[in-house]
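Peer 1: Here you go, my_file-v3.csv (CSV, C-alpha atoms):
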chain,number,residue,atom,x,y,z
P,1,MET,CA,-145.3,-7.1,-46.2
P,2,PRO,CA,-149.0,-7.6,-47.0
P,3,ARG,CA,-149.5,-9.3,-50.3
P,4,SER,CA,-153.3,-9.2,-50.7
P,5,SER,CA,-156.4,-7.6,-49.4
P,6,ARG,CA,-156.7,-10.6,-47.0
P,7,ASP,CA,-153.2,-9.7,-45.6
P,8,GLU,CA,-154.0,-6.0,-45.4
P,9,GLU,CA,-157.3,-6.5,-43.6
P,10,PHE,CA,-156.0,-9.1,-41.3
P,11,SER,CA,-153.0,-7.0,-40.4
P,12,ALA,CA,-155.3,-4.1,-39.6
P,13,PHE,CA,-157.3,-6.3,-37.4
P,14,VAL,CA,-154.3,-7.6,-35.6
P,15,LYS,CA,-152.9,-4.1,-35.0
P,16,THR,CA,-156.1,-2.9,-33.4
P,17,ARG,CA,-157.3,-5.9,-31.5
P,18,ARG,CA,-154.3,-8.0,-30.5
P,19,THR,CA,-153.4,-6.3,-27.3
P,20,GLY,CA,-157.0,-6.5,-26.1
P,21,LEU,CA,-157.3,-10.1,-27.0
P,22,VAL,CA,-154.2,-11.1,-25.1
P,23,ARG,CA,-155.3,-9.2,-22.0
P,24,SER,CA,-158.8,-10.6,-22.1
P,25,ALA,CA,-157.4,-14.1,-22.7
P,26,CYS,CA,-155.4,-13.6,-19.5
P,27,LEU,CA,-158.7,-13.6,-17.6
P,28,LEU,CA,-159.5,-17.0,-19.1
P,29,THR,CA,-156.1,-18.3,-18.2
P,30,ALA,CA,-156.3,-16.7,-14.7
P,31,GLY,CA,-153.2,-14.6,-15.3
P,32,ASP,CA,-151.1,-17.1,-17.3
P,33,THR,CA,-149.8,-14.6,-19.9
P,34,HIS,CA,-147.9,-17.3,-21.8
P,35,LEU,CA,-150.9,-19.5,-22.3
P,36,ALA,CA,-153.0,-16.4,-23.2
P,37,GLU,CA,-150.4,-15.5,-25.9
P,38,ASP,CA,-150.5,-19.1,-27.2
P,39,LEU,CA,-154.3,-19.0,-27.4
P,40,VAL,CA,-154.4,-15.7,-29.2
P,41,GLN,CA,-151.7,-16.9,-31.7
P,42,THR,CA,-153.7,-20.0,-32.4
P,43,ALA,CA,-156.9,-18.1,-32.8
P,44,LEU,CA,-155.3,-15.4,-35.1
P,45,ALA,CA,-153.7,-18.0,-37.3
P,46,ARG,CA,-157.0,-19.8,-37.8
P,47,LEU,CA,-158.8,-16.5,-38.3
P,48,TYR,CA,-156.4,-15.8,-41.2
P,49,VAL,CA,-157.3,-19.1,-42.8
P,50,ALA,CA,-161.0,-18.3,-42.5
P,51,TRP,CA,-160.6,-14.6,-43.1
P,52,PRO,CA,-162.7,-14.1,-46.4
P,53,LYS,CA,-165.7,-15.9,-45.0
P,54,VAL,CA,-165.5,-14.4,-41.5
P,55,ARG,CA,-164.8,-10.9,-42.7
P,56,ARG,CA,-167.8,-10.9,-45.0
P,57,ALA,CA,-170.0,-12.1,-42.2
P,58,GLY,CA,-168.6,-9.4,-39.9
P,59,THR,CA,-168.0,-12.0,-37.2
P,60,GLU,CA,-164.2,-11.6,-36.7
P,61,SER,CA,-164.5,-11.1,-32.9
P,62,ALA,CA,-166.9,-13.9,-32.3
P,63,TYR,CA,-164.8,-16.2,-34.4
P,64,VAL,CA,-161.6,-15.4,-32.6
P,65,TRP,CA,-163.3,-15.8,-29.2
P,66,ARG,CA,-164.9,-19.1,-30.0
P,67,ILE,CA,-161.4,-20.4,-30.9
P,68,ILE,CA,-159.8,-18.9,-27.8
P,69,VAL,CA,-162.5,-20.3,-25.5
P,70,ASN,CA,-162.5,-23.8,-27.0
P,71,ALA,CA,-158.7,-23.9,-27.3
P,72,HIS,CA,-158.4,-22.9,-23.6
P,73,ILE,CA,-160.9,-25.6,-22.5
P,74,ASP,CA,-159.1,-28.2,-24.6
P,75,GLU,CA,-155.8,-27.0,-23.1
P,76,VAL,CA,-156.8,-27.3,-19.5
P,77,ARG,CA,-158.3,-30.7,-20.2
P,78,ARG,CA,-155.1,-32.1,-21.5
P,79,PRO,CA,-153.8,-35.0,-19.4
P,80,SER,CA,-150.5,-33.3,-19.0
P,81,ARG,CA,-152.2,-30.4,-17.3
P,82,ARG,CA,-154.4,-32.5,-15.1
P,83,ARG,CA,-151.8,-35.0,-14.0
P,84,GLU,CA,-150.6,-34.5,-10.4
P,85,ARG,CA,-147.0,-33.4,-10.2
P,86,HIS,CA,-144.8,-34.5,-7.4
P,87,VAL,CA,-142.1,-32.1,-6.3
P,88,PRO,CA,-139.5,-32.5,-3.6
P,89,GLU,CA,-140.2,-29.1,-2.0
P,90,LEU,CA,-143.4,-27.2,-1.3
P,91,PRO,CA,-144.3,-24.9,-4.0
P,92,GLU,CA,-143.8,-21.2,-3.4
P,93,LEU,CA,-146.6,-19.4,-1.7
P,94,PRO,CA,-148.4,-16.7,-3.8
P,95,ALA,CA,-146.9,-13.3,-3.4
P,96,PRO,CA,-148.8,-10.9,-1.2
P,97,PRO,CA,-151.2,-9.0,-3.3
P,98,GLU,CA,-150.8,-5.4,-4.2
P,99,VAL,CA,-153.2,-3.7,-1.9
P,100,TYR,CA,-156.1,-1.8,-3.4
P,101,PRO,CA,-158.4,0.5,-1.5
P,102,ASP,CA,-160.9,-2.2,-1.2
P,103,GLY,CA,-158.2,-4.6,0.1
P,104,LEU,CA,-158.1,-6.8,-3.0
P,105,GLY,CA,-155.2,-7.1,-5.5
P,106,GLY,CA,-155.0,-8.4,-9.0
P,107,SER,CA,-153.2,-11.6,-8.1
P,108,GLU,CA,-155.9,-12.5,-5.6
P,109,VAL,CA,-158.6,-12.1,-8.2
P,110,ARG,CA,-156.6,-14.1,-10.7
P,111,ALA,CA,-156.1,-16.8,-8.2
P,112,ALA,CA,-159.8,-16.9,-7.5
P,113,LEU,CA,-160.5,-17.0,-11.2
P,114,GLY,CA,-158.1,-19.8,-11.5
P,115,ALA,CA,-160.1,-21.8,-9.0
P,116,LEU,CA,-163.2,-21.7,-11.2
P,117,PRO,CA,-163.7,-24.5,-13.8
P,118,PRO,CA,-162.7,-23.3,-17.2
P,119,GLY,CA,-166.3,-23.3,-18.6
P,120,MET,CA,-167.5,-21.2,-15.7
P,121,ARG,CA,-164.6,-18.8,-16.1
P,122,ALA,CA,-165.3,-18.5,-19.8
P,123,ALA,CA,-169.0,-17.7,-19.1
P,124,VAL,CA,-168.0,-14.9,-16.7
P,125,VAL,CA,-165.4,-13.4,-19.0
P,126,LEU,CA,-167.7,-13.5,-22.0
P,127,ARG,CA,-170.7,-12.1,-20.2
P,128,HIS,CA,-169.1,-9.6,-17.9
P,129,TRP,CA,-165.8,-8.6,-19.6
P,130,LEU,CA,-166.7,-8.7,-23.2
P,131,ASP,CA,-170.3,-7.7,-22.5
P,132,LEU,CA,-171.8,-10.4,-24.7
P,133,SER,CA,-175.5,-11.2,-24.3
P,134,VAL,CA,-176.6,-14.5,-22.8
P,135,GLY,CA,-177.5,-15.7,-26.3
P,136,GLU,CA,-174.2,-14.7,-27.8
P,137,THR,CA,-172.3,-16.4,-25.0
P,138,ALA,CA,-174.4,-19.5,-25.3
P,139,GLU,CA,-173.7,-19.7,-29.1
P,140,LEU,CA,-170.1,-19.1,-28.6
P,141,MET,CA,-169.7,-21.7,-25.9
P,142,ASN,CA,-172.0,-24.1,-27.8
P,143,CYS,CA,-174.3,-24.5,-24.8
P,144,SER,CA,-177.8,-23.5,-23.8
P,145,GLU,CA,-178.7,-20.0,-22.5
P,146,GLY,CA,-179.8,-21.7,-19.2
P,147,THR,CA,-176.3,-23.1,-18.8
P,148,VAL,CA,-174.7,-19.7,-19.3
P,149,LYS,CA,-177.0,-18.2,-16.7
P,150,SER,CA,-176.4,-20.9,-14.2
P,151,GLN,CA,-172.6,-20.9,-14.8
P,152,THR,CA,-172.4,-17.2,-14.5
P,153,ALA,CA,-174.4,-17.1,-11.3
P,154,LYS,CA,-172.4,-20.0,-9.8
P,155,ALA,CA,-169.2,-18.2,-10.8
P,156,ALA,CA,-170.2,-15.0,-9.1
P,157,ALA,CA,-171.1,-16.8,-5.9
P,158,ARG,CA,-167.9,-18.8,-6.0
P,159,LEU,CA,-165.8,-15.7,-6.5
P,160,ARG,CA,-167.6,-13.9,-3.6
P,161,ASP,CA,-166.7,-16.9,-1.4
P,162,LEU,CA,-163.1,-17.0,-2.6
P,163,LEU,CA,-162.6,-13.3,-2.2
P,164,SER,CA,-164.3,-12.9,1.1
P,165,PRO,CA,-162.1,-11.3,3.8
P,166,ALA,CA,-161.9,-14.5,5.7
P,167,ALA,CA,-160.8,-16.4,2.6
P,168,VAL,CA,-158.2,-13.8,1.7
P,169,GLU,CA,-156.9,-13.9,5.2
P,170,ARG,CA,-156.5,-17.7,4.9
P,171,THR,CA,-154.6,-17.4,1.6
P,172,TYR,CA,-152.4,-14.5,2.5
P,173,PRO,CA,-151.9,-14.6,6.2
L,1,MET,CA,-166.2,-5.1,-5.0
L,2,ASN,CA,-169.4,-6.8,-6.0
L,3,ASP,CA,-169.5,-5.9,-9.6
L,4,LEU,CA,-167.9,-8.6,-11.7
L,5,LYS,CA,-166.7,-6.2,-14.4
L,6,ASP,CA,-164.7,-4.3,-11.8
L,7,LEU,CA,-163.4,-7.5,-10.4
L,8,LEU,CA,-162.2,-8.6,-13.8
L,9,GLU,CA,-160.6,-5.2,-14.4
L,10,LEU,CA,-158.8,-5.5,-11.1
L,11,ALA,CA,-157.5,-8.9,-12.2
L,12,LEU,CA,-155.9,-7.3,-15.2
L,13,SER,CA,-154.7,-4.2,-13.3
L,14,ASP,CA,-151.1,-5.4,-12.9
L,15,VAL,CA,-151.0,-7.6,-16.1
L,16,ALA,CA,-148.6,-6.0,-18.5
L,17,GLY,CA,-150.1,-5.3,-21.9
L,18,ARG,CA,-148.1,-4.6,-25.0
L,19,ASP,CA,-149.8,-1.5,-25.9
L,20,ALA,CA,-147.2,0.1,-28.2
L,21,GLY,CA,-146.9,-0.8,-31.8
L,22,VAL,CA,-148.3,-4.2,-32.4
L,23,ASP,CA,-146.5,-5.8,-35.4
L,24,PRO,CA,-148.8,-8.2,-37.3
L,25,VAL,CA,-145.9,-9.8,-39.2
L,26,ALA,CA,-145.5,-12.8,-37.0
L,27,ASP,CA,-149.3,-13.5,-36.9
L,28,LEU,CA,-149.4,-13.0,-40.6
L,29,ALA,CA,-146.6,-15.5,-41.1
L,30,ARG,CA,-148.3,-18.0,-38.8
L,31,GLY,CA,-151.6,-17.6,-40.6
L,32,ARG,CA,-150.0,-18.0,-44.0
L,33,ARG,CA,-148.2,-21.1,-42.8
L,34,LEU,CA,-151.4,-22.7,-41.5
L,35,LEU,CA,-153.2,-21.9,-44.7
L,36,ARG,CA,-150.5,-23.5,-46.8
L,37,ARG,CA,-150.4,-26.6,-44.6
L,38,ARG,CA,-154.1,-26.9,-44.7
L,39,ARG,CA,-154.2,-26.7,-48.5
L,40,GLN,CA,-151.4,-29.2,-48.8
L,41,ARG,CA,-153.2,-31.5,-46.3
L,42,LEU,CA,-156.5,-31.2,-48.1
L,43,ALA,CA,-154.8,-31.9,-51.4
L,44,GLY,CA,-152.8,-34.9,-50.1
L,45,LEU,CA,-155.2,-36.4,-47.6
L,46,ALA,CA,-157.4,-38.3,-50.1
L,47,GLY,CA,-154.4,-40.1,-51.4
L,48,VAL,CA,-153.1,-41.0,-48.0
L,49,THR,CA,-156.5,-42.1,-46.9
L,50,ALA,CA,-156.7,-44.4,-49.9
L,51,ALA,CA,-153.4,-46.0,-49.0
L,52,VAL,CA,-154.4,-46.5,-45.4
L,53,LEU,CA,-157.9,-47.8,-46.1
L,54,CYS,CA,-157.0,-50.0,-49.0
L,55,GLY,CA,-153.8,-51.2,-47.4
L,56,VAL,CA,-152.1,-51.1,-50.8
L,57,LEU,CA,-151.4,-48.5,-53.3
L,58,VAL,CA,-153.1,-49.2,-56.6
L,59,PRO,CA,-151.2,-47.1,-59.1
L,60,LEU,CA,-152.1,-47.3,-62.7
L,61,ALA,CA,-149.5,-47.7,-65.4
L,62,LEU,CA,-151.8,-47.0,-68.3
L,63,GLN,CA,-149.0,-45.7,-70.4
L,64,GLY,CA,-146.5,-48.1,-69.2
L,65,SER,CA,-144.6,-45.1,-67.7
L,66,ALA,CA,-145.6,-45.7,-64.1
L,67,PRO,CA,-142.7,-46.1,-61.7
L,68,SER,CA,-141.4,-49.6,-61.4
L,69,HIS,CA,-142.2,-49.9,-57.7
L,70,HIS,CA,-145.9,-49.5,-58.3
L,71,PRO,CA,-147.3,-52.6,-59.9
L,72,ALA,CA,-150.0,-52.1,-62.4
L,73,PRO,CA,-153.4,-53.4,-61.5
L,74,VAL,CA,-154.3,-56.8,-62.9
L,75,ALA,CA,-157.2,-55.6,-65.0
L,76,VAL,CA,-154.9,-53.2,-66.8
L,77,ALA,CA,-151.9,-55.5,-67.0
L,78,SER,CA,-154.0,-58.3,-68.6
L,79,SER,CA,-155.2,-56.1,-71.4
L,80,PRO,CA,-152.9,-55.1,-74.3
L,81,PRO,CA,-151.3,-51.7,-73.7
L,82,GLN,CA,-153.1,-49.1,-75.7
L,83,PRO,CA,-151.3,-46.0,-76.9
L,84,THR,CA,-152.9,-42.8,-75.6
L,85,HIS,CA,-153.1,-39.5,-77.3
L,86,SER,CA,-150.9,-38.0,-74.7
L,87,GLN,CA,-148.2,-40.6,-75.4
L,88,ALA,CA,-148.2,-39.8,-79.0
L,89,SER,CA,-148.2,-36.1,-78.6
L,90,GLN,CA,-145.4,-36.4,-76.0
L,91,SER,CA,-143.0,-37.8,-78.5
L,92,ALA,CA,-144.2,-35.6,-81.4
L,93,ALA,CA,-144.1,-32.2,-79.6
L,94,PRO,CA,-142.3,-31.7,-76.3
L,95,ASP,CA,-144.5,-29.5,-74.1
L,96,LYS,CA,-143.3,-26.0,-73.1
L,97,GLN,CA,-144.3,-25.2,-69.6
L,98,SER,CA,-144.3,-21.5,-70.3
L,99,ARG,CA,-147.3,-21.8,-72.6
L,100,GLN,CA,-150.8,-23.1,-72.2
L,101,ILE,CA,-150.9,-26.8,-72.4
L,102,LYS,CA,-153.8,-27.8,-74.6
L,103,LEU,CA,-156.5,-30.3,-73.9
L,104,VAL,CA,-156.5,-33.3,-76.1
L,105,ALA,CA,-159.0,-36.1,-76.3
L,106,TRP,CA,-158.3,-39.1,-74.1
L,107,VAL,CA,-157.8,-42.3,-76.0
L,108,GLY,CA,-156.4,-44.8,-73.5
L,109,THR,CA,-157.9,-47.2,-71.0
L,110,GLN,CA,-160.0,-45.4,-68.5
L,111,PRO,CA,-159.0,-45.4,-64.9
L,112,PRO,CA,-161.3,-47.3,-62.4
L,113,GLY,CA,-162.7,-44.4,-60.3
L,114,TYR,CA,-163.0,-41.6,-62.8
L,115,GLN,CA,-163.4,-41.3,-66.5
L,116,VAL,CA,-162.0,-38.3,-68.3
L,117,ALA,CA,-162.7,-37.2,-71.8
L,118,TRP,CA,-159.7,-34.8,-72.0
L,119,MET,CA,-156.1,-34.8,-71.0
L,120,PRO,CA,-153.5,-32.1,-71.0
L,121,LYS,CA,-151.3,-32.7,-74.1
L,122,GLY,CA,-148.3,-34.7,-73.2
L,123,TRP,CA,-149.3,-35.5,-69.6
L,124,VAL,CA,-149.6,-38.9,-68.2
L,125,VAL,CA,-151.7,-40.7,-65.6
L,126,GLN,CA,-149.4,-41.1,-62.6
L,127,GLY,CA,-151.9,-43.0,-60.4
L,128,SER,CA,-155.5,-43.8,-59.9
L,129,THR,CA,-157.4,-45.0,-56.9
L,130,PRO,CA,-161.0,-44.8,-55.9
L,131,PHE,CA,-160.1,-41.6,-54.1
L,132,ALA,CA,-158.2,-39.7,-56.8
L,133,LEU,CA,-157.0,-39.7,-60.4
L,134,VAL,CA,-153.6,-38.1,-60.6
L,135,ILE,CA,-152.2,-36.8,-63.9
L,136,ALA,CA,-148.8,-35.3,-64.1
L,137,ALA,CA,-146.3,-33.9,-66.6
L,138,PRO,CA,-144.1,-36.7,-68.0
L,139,ASN,CA,-141.0,-35.2,-66.6
L,140,ASP,CA,-142.4,-34.6,-63.2
L,141,LYS,CA,-139.7,-35.6,-60.7
L,142,ASP,CA,-142.3,-36.4,-58.1
L,143,LYS,CA,-143.5,-39.8,-59.1
L,144,SER,CA,-145.6,-40.5,-56.0
L,145,PRO,CA,-149.2,-40.7,-56.9
L,146,ASP,CA,-150.0,-39.6,-53.3
L,147,SER,CA,-148.4,-36.3,-53.8
L,148,TYR,CA,-150.6,-33.8,-55.6
L,149,LEU,CA,-148.5,-30.7,-55.8
L,150,GLY,CA,-148.0,-29.5,-59.3
L,151,LYS,CA,-150.3,-32.2,-60.7
L,152,LEU,CA,-153.8,-32.3,-62.1
L,153,VAL,CA,-156.0,-34.2,-59.7
L,154,VAL,CA,-159.6,-35.3,-59.9
L,155,MET,CA,-161.4,-36.4,-56.7
L,156,LEU,CA,-164.7,-36.3,-55.0
L,157,GLN,CA,-165.0,-33.6,-52.4
L,158,SER,CA,-164.0,-34.8,-48.9
L,159,ARG,CA,-166.9,-36.2,-46.9
L,160,ASP,CA,-166.0,-33.7,-44.2
L,161,ALA,CA,-166.8,-30.8,-46.5
L,162,THR,CA,-170.3,-29.8,-47.6
L,163,ALA,CA,-169.7,-27.4,-50.4
L,164,PRO,CA,-167.1,-25.1,-51.8
L,165,PRO,CA,-166.6,-21.7,-50.1
L,166,ALA,CA,-169.3,-19.3,-51.2
L,167,ASP,CA,-166.8,-16.6,-52.0
L,168,TRP,CA,-165.1,-18.5,-54.8
L,169,ALA,CA,-165.8,-17.3,-58.3
L,170,ASN,CA,-168.7,-18.9,-60.2
L,171,GLN,CA,-167.6,-21.3,-63.0
L,172,PRO,CA,-170.4,-23.5,-64.2
L,173,VAL,CA,-169.5,-26.9,-65.5
L,174,ASN,CA,-171.9,-28.5,-68.1
L,175,GLY,CA,-174.5,-25.9,-66.9
L,176,ARG,CA,-174.3,-27.0,-63.3
L,177,GLU,CA,-173.0,-25.2,-60.3
L,178,GLY,CA,-169.2,-24.8,-60.0
L,179,LYS,CA,-166.8,-22.7,-58.0
L,180,PHE,CA,-163.3,-21.7,-58.9
L,181,ASP,CA,-160.4,-20.3,-56.9
L,182,VAL,CA,-156.7,-19.8,-57.2
L,183,GLN,CA,-154.6,-20.5,-54.2
L,184,ASP,CA,-150.9,-19.9,-54.5
L,185,ASP,CA,-149.8,-22.0,-57.4
L,186,THR,CA,-152.9,-24.1,-57.6
L,187,GLN,CA,-156.3,-23.7,-59.3
L,188,ILE,CA,-159.2,-25.4,-57.8
L,189,LEU,CA,-162.6,-26.1,-59.4
L,190,THR,CA,-165.3,-27.7,-57.4
L,191,PHE,CA,-168.4,-28.5,-59.3
L,192,LYS,CA,-171.6,-30.5,-59.0
L,193,ASN,CA,-171.9,-33.4,-61.4
L,194,ALA,CA,-175.0,-34.9,-62.9
L,195,SER,CA,-175.4,-37.2,-59.8
L,196,GLY,CA,-175.3,-34.2,-57.5
L,197,GLN,CA,-171.8,-35.1,-56.1
L,198,TRP,CA,-169.3,-32.4,-55.6
L,199,VAL,CA,-166.2,-33.1,-57.7
L,200,VAL,CA,-162.9,-31.3,-57.1
L,201,ILE,CA,-160.4,-30.6,-59.8
L,202,GLN,CA,-157.0,-29.4,-58.7
L,203,ALA,CA,-154.7,-28.0,-61.4
L,204,PRO,CA,-151.3,-26.4,-61.3
L,205,VAL,CA,-151.1,-22.8,-62.6
L,206,SER,CA,-148.2,-24.0,-64.7
L,207,LEU,CA,-150.8,-25.6,-67.1
L,208,GLY,CA,-151.6,-22.1,-68.2
L,209,TRP,CA,-155.3,-22.8,-68.1
L,210,ASP,CA,-158.0,-20.3,-67.2
L,211,SER,CA,-161.2,-21.2,-65.4
L,212,ALA,CA,-163.0,-21.9,-68.7
L,213,GLU,CA,-160.3,-24.4,-69.8
L,214,LEU,CA,-160.4,-26.1,-66.4
L,215,ALA,CA,-164.2,-26.2,-66.7
L,216,LYS,CA,-163.8,-27.9,-70.1
L,217,PHE,CA,-161.6,-30.5,-68.6
L,218,ALA,CA,-164.1,-30.9,-65.7
L,219,GLY,CA,-166.9,-31.3,-68.2
L,220,GLY,CA,-165.4,-34.5,-69.4
L,221,VAL,CA,-165.0,-36.0,-66.0
L,222,GLN,CA,-167.3,-38.9,-65.1
L,223,VAL,CA,-167.4,-40.3,-61.5
L,224,LEU,CA,-167.8,-44.0,-61.6
L,225,ALA,CA,-169.3,-46.2,-58.9
L,226,ALA,CA,-165.9,-47.2,-57.6
L,227,ALA,CA,-165.0,-43.6,-56.7
L,228,GLN,CA,-165.0,-42.8,-53.0
L,229,GLN,CA,-164.8,-39.7,-50.9
L,230,GLY,CA,-161.7,-39.0,-48.8
L,231,ARG,CA,-161.7,-37.5,-45.3
L,232,GLY,CA,-160.4,-34.2,-44.0
Could you spell out this file's structure in structure tokens?
Peer 2:
Amino acid sequence: MPRSSRDEEFSAFVKTRRTGLVRSACLLTAGDTHLAEDLVQTALARLYVAWPKVRRAGTESAYVWRIIVNAHIDEVRRPSRRRERHVPELPELPAPPEVYPDGLGGSEVRAALGALPPGMRAAVVLRHWLDLSVGETAELMNCSEGTVKSQTAKAAARLRDLLSPAAVERTYP
Amino acid sequence: MNDLKDLLELALSDVAGRDAGVDPVADLARGRRLLRRRRQRLAGLAGVTAAVLCGVLVPLALQGSAPSHHPAPVAVASSPPQPTHSQASQSAAPDKQSRQIKLVAWVGTQPPGYQVAWMPKGWVVQGSTPFALVIAAPNDKDKSPDSYLGKLVVMLQSRDATAPPADWANQPVNGREGKFDVQDDTQILTFKNASGQWVVIQAPVSLGWDSAELAKFAGGVQVLAAAQQGRG
């Protein structure tokens, strides 16, 4: 039960924005919904702590996204994630994609996103999914505008390569 | 499929989204928990840092009421014990937590890091390091000078903080800038002293003080050269 204006405003923000945040965070995590949920939980908890300041500045979304992006980059850089894992059997092959009219499925696109470095993926998501400007993206990622432009361009080219018919055929024979 | 936005939309096309009825209760609870932890950490970190950096705890038994496992500093032990106003009043009139605890003039030996002109009537100095002066009710069960909950604490603002949050209420101290806030059961007054340092006073609500009373106490605080900022 909300106890203060902070609680009430924060609750209203969560109600209206949470679903979208988790879905968008799924793009950063290349479809890992559990990690996306963790990132959003972390970001929302920290947003609650900073709520009075952030609310007054009207920067709730930017604040949350900054935390999500940074937390994701921190997460994928953790040694436990980078360490090579030895398993006795070959991992399962990805399931065949649901076929769309253009021949691509959601799982293929997520796999391609997952092949991008996290910073590059973040640049694409912020610029092309959240429709942030180059300047806003640069500020949020704490890098230069030139870096955002180059990362976005490289990501687009890399996704084109990964999702070319030949590449899809190799992945899903 | 050249447009990146369409591509990203496609990536989410078969990702389930919990559209119906988002319940903010869990997020609210996590936020409150984090906020509580952060406040406790900020309150306690200066003392912990003091212990780590100094390697030893330097509790002050100014009233001779310090716990026996904390040896008194040599400078204090070598001087004859001086009765303090708070000691006298403690025996004369037992404090009642439900009422406002009055400020009385400090009469005893001053701690090394911070000098105070006022004390809550009946309260005692529980510990003093260059990082914090800790004053507590005489019957406080928590005798650790590194624990600040429910105690009156004077410290310099952490070196990792630049200024108090702008949205706190204004409460000048000695005509200089000060900010006041109440967080759960704790009142916090952060003010600029004559040297331009931000000094933090943390007081339990149980003292029954308002911001003006806290500012009066703060007005009698002097930060000595030995005082140091904590981290965090």
Peer 1: Distance table requested - chain P against chain L, cut-off 6 Å, only C-alpha atoms: one row per qualifying residue with the closest atom pair and its distance in Å to one decimal, ordered by chain and rising residue number, as CSV.
Peer 2:
residue,atom,partner,partner_atom,distance
P:Ser11,CA,L:Pro24,CA,5.4
P:Val14,CA,L:Pro24,CA,5.8
P:Lys15,CA,L:Val22,CA,5.3
P:Ala45,CA,L:Gly31,CA,3.9
P:Tyr48,CA,L:Gly31,CA,5.2
P:Val49,CA,L:Leu35,CA,5.3
P:Gly106,CA,L:Ala11,CA,4.1
P:Val109,CA,L:Ala11,CA,5.2
P:Arg110,CA,L:Ala11,CA,5.5
P:His128,CA,L:Lys5,CA,5.4
P:Trp129,CA,L:Lys5,CA,5.8
Peer 1: Give me, as a ChimeraX atom specification, all polymer residues having an atom no more than 7 Å from Asn170 of chain L, counting all atoms listed in the file and skipping those fewer than 5 positions away in the same chain.
Peer 2: /L:178-180
Peer 1: What are the centre and the three edge lengths of an axis-aligned box that wraps all atoms of segment 124-134 of chain P in the file, given that 8 Å is added to every side, written as AutoDock Vina command-line options and rounded to one decimal in Å?
Peer 2:
--center_x -171.0 --center_y -11.3 --center_z -20.7 --size_x 27.2 --size_y 23.2 --size_z 24.0
Peer 1: Using all atoms listed in the file, determine which residues lie at most 9 Å from Thr42 of chain P, disregarding the query and same-chain residues fewer than 5 positions distant; provide the list as a ChimeraX atom specification.
Peer 2: /P:37,47,67-68,71 /L:30-31
Peer 1: Figure out the distance between atom CA of Val54 of chain P and atom CA of Trp198 of chain L, please, to one decimal in Å.
Peer 2: 23.2 Å
Peer 1: Which distance in Å separates atom CA of Leu21 of chain P and atom CA of Arg41 of chain L, to one decimal?
Peer 2: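 Computed distance, atom CA of Leu21 of chain P to atom CA of Arg41 of chain L, equals 29.1 Å.
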Peer 1: Tell me which of L:Leu103, L:Leu214, L:Ala227, L:Ile201 sits closest to Tyr148 of chain L, counting only C-alpha atoms.
Peer 2: L:Ile201
Peer 1: Writing C-alpha atoms and nothing else, produce segment 170-189 of chain L as a PDB file, in the first residue's frame.
Peer 2:
ATOM      1  CA  ASN L 170      16.088  24.645   4.054  1.00  0.00           C
ATOM      2  CA  GLN L 171      17.293  24.921   7.634  1.00  0.00           C
ATOM      3  CA  PRO L 172      20.088  27.459   8.041  1.00  0.00           C
ATOM      4  CA  VAL L 173      22.621  26.920  10.801  1.00  0.00           C
ATOM      5  CA  ASN L 174      24.341  30.005  12.206  1.00  0.00           C
ATOM      6  CA  GLY L 175      23.135  31.873   9.123  1.00  0.00           C
ATOM      7  CA  ARG L 176      24.813  29.458   6.770  1.00  0.00           C
ATOM      8  CA  GLU L 177      23.266  27.050   4.290  1.00  0.00           C
ATOM      9  CA  GLY L 178      21.673  23.932   5.753  1.00  0.00           C
ATOM     10  CA  LYS L 179      19.334  21.214   4.524  1.00  0.00           C
ATOM     11  CA  PHE L 180      17.005  19.135   6.625  1.00  0.00           C
ATOM     12  CA  ASP L 181      15.172  15.902   5.920  1.00  0.00           C
ATOM     13  CA  VAL L 182      13.377  13.189   7.832  1.00  0.00           C
ATOM     14  CA  GLN L 183      13.921   9.659   6.634  1.00  0.00           C
ATOM     15  CA  ASP L 184      11.975   6.985   8.463  1.00  0.00           C
ATOM     16  CA  ASP L 185      12.946   7.374  12.125  1.00  0.00           C
ATOM     17  CA  THR L 186      15.934   9.577  11.495  1.00  0.00           C
ATOM     18  CA  GLN L 187      16.313  13.324  11.051  1.00  0.00           C
ATOM     19  CA  ILE L 188      19.271  14.508   9.029  1.00  0.00           C
ATOM     20  CA  LEU L 189      20.647  18.017   8.984  1.00  0.00           C
TER      21      LEU L 189
END
